[in-house]
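Step one of this worksheet: look at the structure below.
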Amino acid sequence: MTEPTPPQLEPMPDDWRRALAVVAHPDDLEYGCSAAIAQWTDEGRQVAYVLATRGEAGIDTLAPAECGPLREREQRASAAVVGVSEVEFLDHQDGVIEYGVALRRDIAAAVRRHRPELVITLNHRDTWGGVAWNTPDHVAVGRATLDAVGDAANRWIFPELTERGLEPWDGVRWVAVAGSSNATHAVDASAGMERAVRSLLEHRAYIEALTTEDPETYVRGFLTGFARSTGERFGGKPAVAFELFSR
């Protein structure tokens with residue numbers, strides 16, 4: 001039986017000015033999402049990053065106390081390549097992030113601080129397309145981000161945030177999930193791809209621990225191949241896909 005052709009992806013909304021990206025680790029945004037972010041910042045939009053951890057458990061040959069600061073530096077340099085200057089770390093423990101009230105509170109506080117119209121996060125489902133198991137950190141942070149958007153809007157959830165001067169924010173209009181097998185929308189990656197490649201290459205220590213392949217060959221092949229594949233559902237243009245939830 002012939003598999004049904006997946007529907008074409010719709011363009012992402014463009015009537016917004018501020019976005020907040022919330023993910024678990026350094027490099028999560030660079031594996032496929034940063035070409036869209038480069039395009040958005042070129043258009044004058046503001047994008048801030050919030051990371052639940054510093055990625056301190058991500059390199060087997062480096063102890064966490066050494067790895068965390070290194071990966072933080074790499075992430076800040078990586079963000080700068082695509083025009084992002086605001087990068088925050090919540091200091092949850094890499095590898096064992098727990099979905100729950102504490103994580104929701106921290107992300108809700110970030111939403112109230114940054115007051116975005118668009119929130120971006122990473123695949124919160126158990127698998128990547130049903131073929132590879134997702135990590136508990138990605139699942140926890142993705143789920144908590146979806147929930148924290150609602151928490152941020154309700155003054156009676158986490159009233160301690162209001163006491164700290166973080167007033168409720170009900171201005172989030174969409175949550176966009178990158179890396180989802182249920183993608184609905186996309187952004188043309190043509191203009192941002194070279195910066196996306198350079199942005200991921202800033203995570204050099206992590207990449208060199210991950211693969212024996214030449215870092216640039218590995219990064220360019222991964223990002224351009226994925227964008228071309230996505231573009232088959234976006235008019236043939238290389239693209240970054242999102243599953244978009246409206247509020």
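Residue numbers start at 1 in each chain; chains themselves are named A, B, ... in the order of the structure tokens; ligands are numbered from 1 in the order shown.
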Might you pull out every residue within 10 Å of Leu51 (chain A), with only C-alpha atoms counted and same-chain residues fewer than 5 positions away left off, and present them as a list in words?
Ala21, Val22, Val23, Ala24, His25, Pro26, Asp27, Asp28, Leu29, Glu72, Gln75, Val87, Glu88, Phe89, Leu90, Asp91, His92, Ile107 and Val141 of chain A
List the spatial neighbours of region 2-19 of chain A as a ChimeraX atom specification - criterion: any atom at most 6 Å away, only C-alpha atoms, same-chain residues fewer than 5 positions off excluded.
/A:45-47,116-119,184-186,233-234
Using only C-alpha atoms, determine which residues lie at most 12 Å from Thr217 (chain A), disregarding the query and same-chain residues fewer than 3 positions distant; provide the list as a VMD selection string.
chain A and resid 197 to 198 200 to 201 207 to 208 211 to 214 220 to 225
So that I can check the surroundings of Leu244 (chain A), please list as an mmCIF file with C-alpha atoms, in the first residue's frame every protein, DNA and RNA residue that reaches within 8 Å of it, counting only C-alpha atoms and ignoring chain neighbours fewer than 6 positions away.
data_model
loop_
_atom_site.group_PDB
_atom_site.id
_atom_site.type_symbol
_atom_site.label_atom_id
_atom_site.label_comp_id
_atom_site.auth_asym_id
_atom_site.auth_seq_id
_atom_site.Cartn_x
_atom_site.Cartn_y
_atom_site.Cartn_z
ATOM 1 C CA TRP A 174 1.806 30.475 19.721
ATOM 2 C CA VAL A 175 4.109 27.718 20.950
ATOM 3 C CA ALA A 176 6.305 26.248 18.207
ATOM 4 C CA VAL A 177 7.811 22.791 18.748
ATOM 5 C CA ALA A 183 5.129 19.482 11.952
ATOM 6 C CA THR A 184 2.554 21.870 10.547
ATOM 7 C CA HIS A 185 4.526 25.013 9.662
#
Every residue of region 14-140 of chain A that DSSP places in alpha helix (DSSP H), as a short mmCIF file (atom, residue, chain, number, x, y, z; two decimals) with N, CA, C and O atoms, in the first residue's frame:
data_model
loop_
_atom_site.label_atom_id
_atom_site.label_comp_id
_atom_site.auth_asym_id
_atom_site.auth_seq_id
_atom_site.Cartn_x
_atom_site.Cartn_y
_atom_site.Cartn_z
N SER A 34 18.23 26.95 14.36
CA SER A 34 18.87 28.26 14.37
C SER A 34 18.83 28.97 13.03
O SER A 34 18.94 30.20 12.97
N ALA A 35 18.63 28.25 11.93
CA ALA A 35 18.48 28.94 10.63
C ALA A 35 17.24 29.82 10.65
O ALA A 35 17.23 30.92 10.09
N ALA A 36 16.17 29.33 11.27
CA ALA A 36 14.96 30.15 11.41
C ALA A 36 15.21 31.34 12.31
O ALA A 36 14.76 32.46 12.03
N ILE A 37 15.94 31.11 13.39
CA ILE A 37 16.22 32.21 14.32
C ILE A 37 17.06 33.28 13.65
O ILE A 37 16.83 34.49 13.85
N ALA A 38 18.03 32.88 12.84
CA ALA A 38 18.84 33.85 12.10
C ALA A 38 17.96 34.69 11.18
O ALA A 38 18.13 35.92 11.08
N GLN A 39 17.02 34.05 10.51
CA GLN A 39 16.10 34.77 9.64
C GLN A 39 15.27 35.77 10.44
O GLN A 39 15.09 36.93 10.04
N TRP A 40 14.78 35.35 11.59
CA TRP A 40 13.94 36.23 12.41
C TRP A 40 14.71 37.43 12.94
O TRP A 40 14.22 38.56 12.90
N THR A 41 15.92 37.22 13.42
CA THR A 41 16.67 38.36 13.94
C THR A 41 17.07 39.31 12.82
O THR A 41 17.13 40.53 13.02
N ASP A 42 17.31 38.79 11.61
CA ASP A 42 17.56 39.65 10.45
C ASP A 42 16.38 40.58 10.19
O ASP A 42 16.56 41.70 9.70
N PRO A 64 31.78 17.23 34.98
CA PRO A 64 30.75 18.28 34.91
C PRO A 64 31.23 19.66 35.33
O PRO A 64 30.83 20.66 34.72
N ALA A 65 32.08 19.74 36.34
CA ALA A 65 32.54 21.05 36.81
C ALA A 65 33.34 21.78 35.74
O ALA A 65 33.35 23.02 35.70
N GLU A 66 34.00 21.05 34.88
CA GLU A 66 34.75 21.64 33.77
C GLU A 66 33.88 21.80 32.53
O GLU A 66 33.97 22.80 31.79
N CYS A 67 33.03 20.82 32.31
CA CYS A 67 32.22 20.80 31.09
C CYS A 67 31.16 21.90 31.08
O CYS A 67 30.94 22.54 30.05
N GLY A 68 30.49 22.13 32.21
CA GLY A 68 29.42 23.11 32.26
C GLY A 68 29.83 24.50 31.81
O GLY A 68 29.22 25.08 30.91
N PRO A 69 30.90 25.08 32.40
CA PRO A 69 31.34 26.40 31.96
C PRO A 69 31.77 26.44 30.49
O PRO A 69 31.54 27.43 29.79
N LEU A 70 32.41 25.35 30.03
CA LEU A 70 32.83 25.29 28.62
C LEU A 70 31.60 25.33 27.70
O LEU A 70 31.56 26.11 26.73
N ARG A 71 30.61 24.54 28.02
CA ARG A 71 29.44 24.49 27.15
C ARG A 71 28.62 25.78 27.24
O ARG A 71 27.98 26.18 26.27
N GLU A 72 28.63 26.42 28.38
CA GLU A 72 27.97 27.73 28.48
C GLU A 72 28.65 28.73 27.55
O GLU A 72 27.97 29.46 26.82
N ARG A 73 29.98 28.76 27.55
CA ARG A 73 30.70 29.68 26.65
C ARG A 73 30.38 29.37 25.20
O ARG A 73 30.15 30.28 24.39
N GLU A 74 30.37 28.08 24.86
CA GLU A 74 30.06 27.71 23.48
C GLU A 74 28.64 28.15 23.11
O GLU A 74 28.41 28.63 21.99
N GLN A 75 27.70 28.00 24.04
CA GLN A 75 26.32 28.39 23.73
C GLN A 75 26.18 29.89 23.52
O GLN A 75 25.47 30.34 22.62
N ARG A 76 26.83 30.67 24.34
CA ARG A 76 26.74 32.13 24.18
C ARG A 76 27.35 32.56 22.84
O ARG A 76 26.79 33.41 22.13
N ALA A 77 28.49 31.96 22.48
CA ALA A 77 29.10 32.28 21.19
C ALA A 77 28.21 31.82 20.04
O ALA A 77 28.06 32.52 19.02
N SER A 78 27.60 30.67 20.19
CA SER A 78 26.70 30.13 19.16
C SER A 78 25.49 31.03 18.96
O SER A 78 25.10 31.32 17.83
N ALA A 79 24.89 31.48 20.06
CA ALA A 79 23.72 32.35 19.97
C ALA A 79 24.06 33.66 19.26
O ALA A 79 23.28 34.17 18.46
N ALA A 80 25.24 34.20 19.57
CA ALA A 80 25.64 35.48 18.98
C ALA A 80 25.72 35.40 17.45
O ALA A 80 25.42 36.37 16.75
N VAL A 81 26.09 34.24 16.92
CA VAL A 81 26.21 34.08 15.47
C VAL A 81 24.87 34.32 14.77
O VAL A 81 24.82 34.85 13.66
N VAL A 101 6.62 20.92 39.34
CA VAL A 101 6.29 22.29 39.70
C VAL A 101 7.51 23.20 39.63
O VAL A 101 7.42 24.34 39.14
N ALA A 102 8.66 22.74 40.09
CA ALA A 102 9.84 23.61 40.12
C ALA A 102 10.25 24.03 38.71
O ALA A 102 10.58 25.20 38.46
N LEU A 103 10.22 23.09 37.78
CA LEU A 103 10.59 23.40 36.40
C LEU A 103 9.54 24.32 35.76
O LEU A 103 9.88 25.29 35.09
N ARG A 104 8.28 24.02 35.97
CA ARG A 104 7.22 24.89 35.44
C ARG A 104 7.37 26.31 35.98
O ARG A 104 7.23 27.29 35.24
N ARG A 105 7.66 26.43 37.28
CA ARG A 105 7.80 27.76 37.88
C ARG A 105 8.95 28.54 37.23
O ARG A 105 8.82 29.72 36.90
N ASP A 106 10.08 27.87 37.04
CA ASP A 106 11.24 28.55 36.47
C ASP A 106 10.97 29.02 35.04
O ASP A 106 11.38 30.11 34.63
N ILE A 107 10.29 28.18 34.26
CA ILE A 107 9.99 28.56 32.88
C ILE A 107 8.91 29.63 32.84
O ILE A 107 8.99 30.59 32.05
N ALA A 108 7.90 29.52 33.71
CA ALA A 108 6.87 30.56 33.78
C ALA A 108 7.50 31.91 34.14
O ALA A 108 7.11 32.95 33.60
N ALA A 109 8.46 31.90 35.05
CA ALA A 109 9.14 33.14 35.41
C ALA A 109 9.86 33.73 34.20
O ALA A 109 9.84 34.95 33.98
N ALA A 110 10.49 32.86 33.39
CA ALA A 110 11.18 33.35 32.19
C ALA A 110 10.19 33.94 31.20
O ALA A 110 10.46 34.98 30.57
N VAL A 111 9.04 33.30 31.04
CA VAL A 111 8.01 33.84 30.14
C VAL A 111 7.56 35.21 30.63
O VAL A 111 7.41 36.15 29.84
N ARG A 112 7.36 35.35 31.93
CA ARG A 112 6.95 36.65 32.47
C ARG A 112 8.05 37.71 32.31
O ARG A 112 7.75 38.87 32.06
N ARG A 113 9.30 37.30 32.45
CA ARG A 113 10.40 38.26 32.28
C ARG A 113 10.49 38.77 30.85
O ARG A 113 10.65 39.96 30.61
N HIS A 114 10.41 37.86 29.91
CA HIS A 114 10.68 38.21 28.50
C HIS A 114 9.43 38.62 27.74
O HIS A 114 9.55 39.26 26.69
N PRO A 136 14.95 11.94 28.36
CA PRO A 136 14.05 12.44 29.40
C PRO A 136 14.13 13.96 29.57
O PRO A 136 13.11 14.60 29.86
N ASP A 137 15.30 14.54 29.39
CA ASP A 137 15.44 15.99 29.54
C ASP A 137 14.60 16.73 28.51
O ASP A 137 13.93 17.71 28.83
N HIS A 138 14.66 16.30 27.25
CA HIS A 138 13.87 16.96 26.21
C HIS A 138 12.38 16.84 26.49
O HIS A 138 11.62 17.80 26.34
N VAL A 139 11.97 15.65 26.90
CA VAL A 139 10.55 15.42 27.19
C VAL A 139 10.09 16.32 28.33
O VAL A 139 9.03 16.98 28.25
N ALA A 140 10.88 16.36 29.40
CA ALA A 140 10.50 17.15 30.58
C ALA A 140 10.42 18.63 30.26
O ALA A 140 9.45 19.31 30.62
#
Just the residues within 8 Å of Val149 (chain A), please, counting only C-alpha atoms, with nothing from its chain fewer than 2 positions along; format it as a list in words.
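Residues near the query, excluding close chain neighbours: Ala108, Val111, Thr145, Leu146, Asp147, Asp151, Ala152, Ala153 and Val172 of chain A.
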Take the residues from that selection and put them in a file with all heavy atoms, as a CSV table (one decimal), in the first residue's frame.
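Here's the written file selection.csv:
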chain,number,residue,atom,x,y,z
A,108,ALA,N,7.9,29.5,33.7
A,108,ALA,CA,6.9,30.6,33.8
A,108,ALA,C,7.5,31.9,34.1
A,108,ALA,O,7.1,33.0,33.6
A,108,ALA,CB,5.8,30.2,34.8
A,111,VAL,N,9.0,33.3,31.0
A,111,VAL,CA,8.0,33.8,30.1
A,111,VAL,C,7.6,35.2,30.6
A,111,VAL,O,7.4,36.2,29.8
A,111,VAL,CB,6.8,32.9,30.0
A,111,VAL,CG1,5.7,33.5,29.3
A,111,VAL,CG2,7.3,31.6,29.3
A,145,THR,N,7.4,23.5,29.3
A,145,THR,CA,7.3,24.7,28.5
A,145,THR,C,5.8,24.9,28.1
A,145,THR,O,5.2,26.0,28.2
A,145,THR,CB,8.2,24.8,27.3
A,145,THR,OG1,9.6,24.7,27.8
A,145,THR,CG2,8.1,26.1,26.6
A,146,LEU,N,5.2,23.9,27.5
A,146,LEU,CA,3.8,24.0,27.1
A,146,LEU,C,2.9,24.3,28.3
A,146,LEU,O,2.0,25.2,28.1
A,146,LEU,CB,3.4,22.7,26.5
A,146,LEU,CG,4.0,22.3,25.1
A,146,LEU,CD1,3.7,20.8,24.8
A,146,LEU,CD2,3.4,23.2,24.0
A,147,ASP,N,3.2,23.8,29.4
A,147,ASP,CA,2.4,24.0,30.6
A,147,ASP,C,2.7,25.4,31.2
A,147,ASP,O,1.8,26.1,31.7
A,147,ASP,CB,2.6,23.0,31.6
A,147,ASP,CG,2.1,21.6,31.2
A,147,ASP,OD1,1.2,21.6,30.3
A,147,ASP,OD2,2.5,20.6,31.7
A,151,ASP,N,0.7,28.7,32.9
A,151,ASP,CA,1.0,29.2,34.2
A,151,ASP,C,1.4,30.7,34.3
A,151,ASP,O,1.0,31.4,35.2
A,151,ASP,CB,2.2,28.4,34.8
A,151,ASP,CG,1.9,26.9,34.9
A,151,ASP,OD1,0.8,26.5,35.0
A,151,ASP,OD2,2.9,26.1,34.9
A,152,ALA,N,2.2,31.1,33.3
A,152,ALA,CA,2.6,32.5,33.3
A,152,ALA,C,1.5,33.5,33.2
A,152,ALA,O,1.6,34.6,33.6
A,152,ALA,CB,3.6,32.7,32.1
A,153,ALA,N,0.4,33.0,32.6
A,153,ALA,CA,-0.7,33.9,32.4
A,153,ALA,C,-1.7,34.0,33.6
A,153,ALA,O,-2.5,34.9,33.7
A,153,ALA,CB,-1.5,33.5,31.2
A,172,VAL,N,1.4,35.3,25.0
A,172,VAL,CA,1.9,34.3,24.1
A,172,VAL,C,0.8,33.8,23.2
A,172,VAL,O,-0.3,33.4,23.6
A,172,VAL,CB,2.4,33.1,24.9
A,172,VAL,CG1,2.9,32.0,24.0
A,172,VAL,CG2,3.6,33.5,25.8
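For the atom pair formed by CA of Gly129 (chain A) and CA of Ser180 (chain A), the distance is 7.3 Å, given to one decimal.
Interatomic distance, CA of Leu210 (chain A) to CA of Trp133 (chain A): 17.5 Å.
Minimum distance to Asn182 (chain A) across A:Gln93, A:Ser246, A:Thr61, A:Asn123 (counting only C-alpha atoms) occurs at A:Asn123.
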List every residue of region 66-165 of chain A that DSSP, applied to the backbone of this structure, places in strand (DSSP E), and write the result as a PyMOL selection string.
chain A and resi 86-89+118-122+127-128+132-133
Would you export the selected residues with C-alpha atoms as a short mmCIF file (atom, residue, chain, number, x, y, z; two decimals), in the first residue's frame, please?
data_model
loop_
_atom_site.label_atom_id
_atom_site.label_comp_id
_atom_site.auth_asym_id
_atom_site.auth_seq_id
_atom_site.Cartn_x
_atom_site.Cartn_y
_atom_site.Cartn_z
CA GLU A 86 20.13 37.16 25.78
CA VAL A 87 21.01 33.65 27.00
CA GLU A 88 19.89 32.45 30.43
CA PHE A 89 20.56 29.19 32.29
CA LEU A 118 6.04 33.25 20.33
CA VAL A 119 7.57 30.51 22.51
CA ILE A 120 9.82 27.89 20.92
CA THR A 121 10.75 24.54 22.43
CA LEU A 122 11.96 21.11 21.35
CA THR A 127 10.45 9.43 20.28
CA TRP A 128 11.92 11.24 17.30
CA ALA A 132 14.65 6.91 17.95
CA TRP A 133 14.04 7.31 21.67
#
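Interatomic distance, CA of Thr135 (chain A) against CA of Gly95 (chain A): 8.3 Å.
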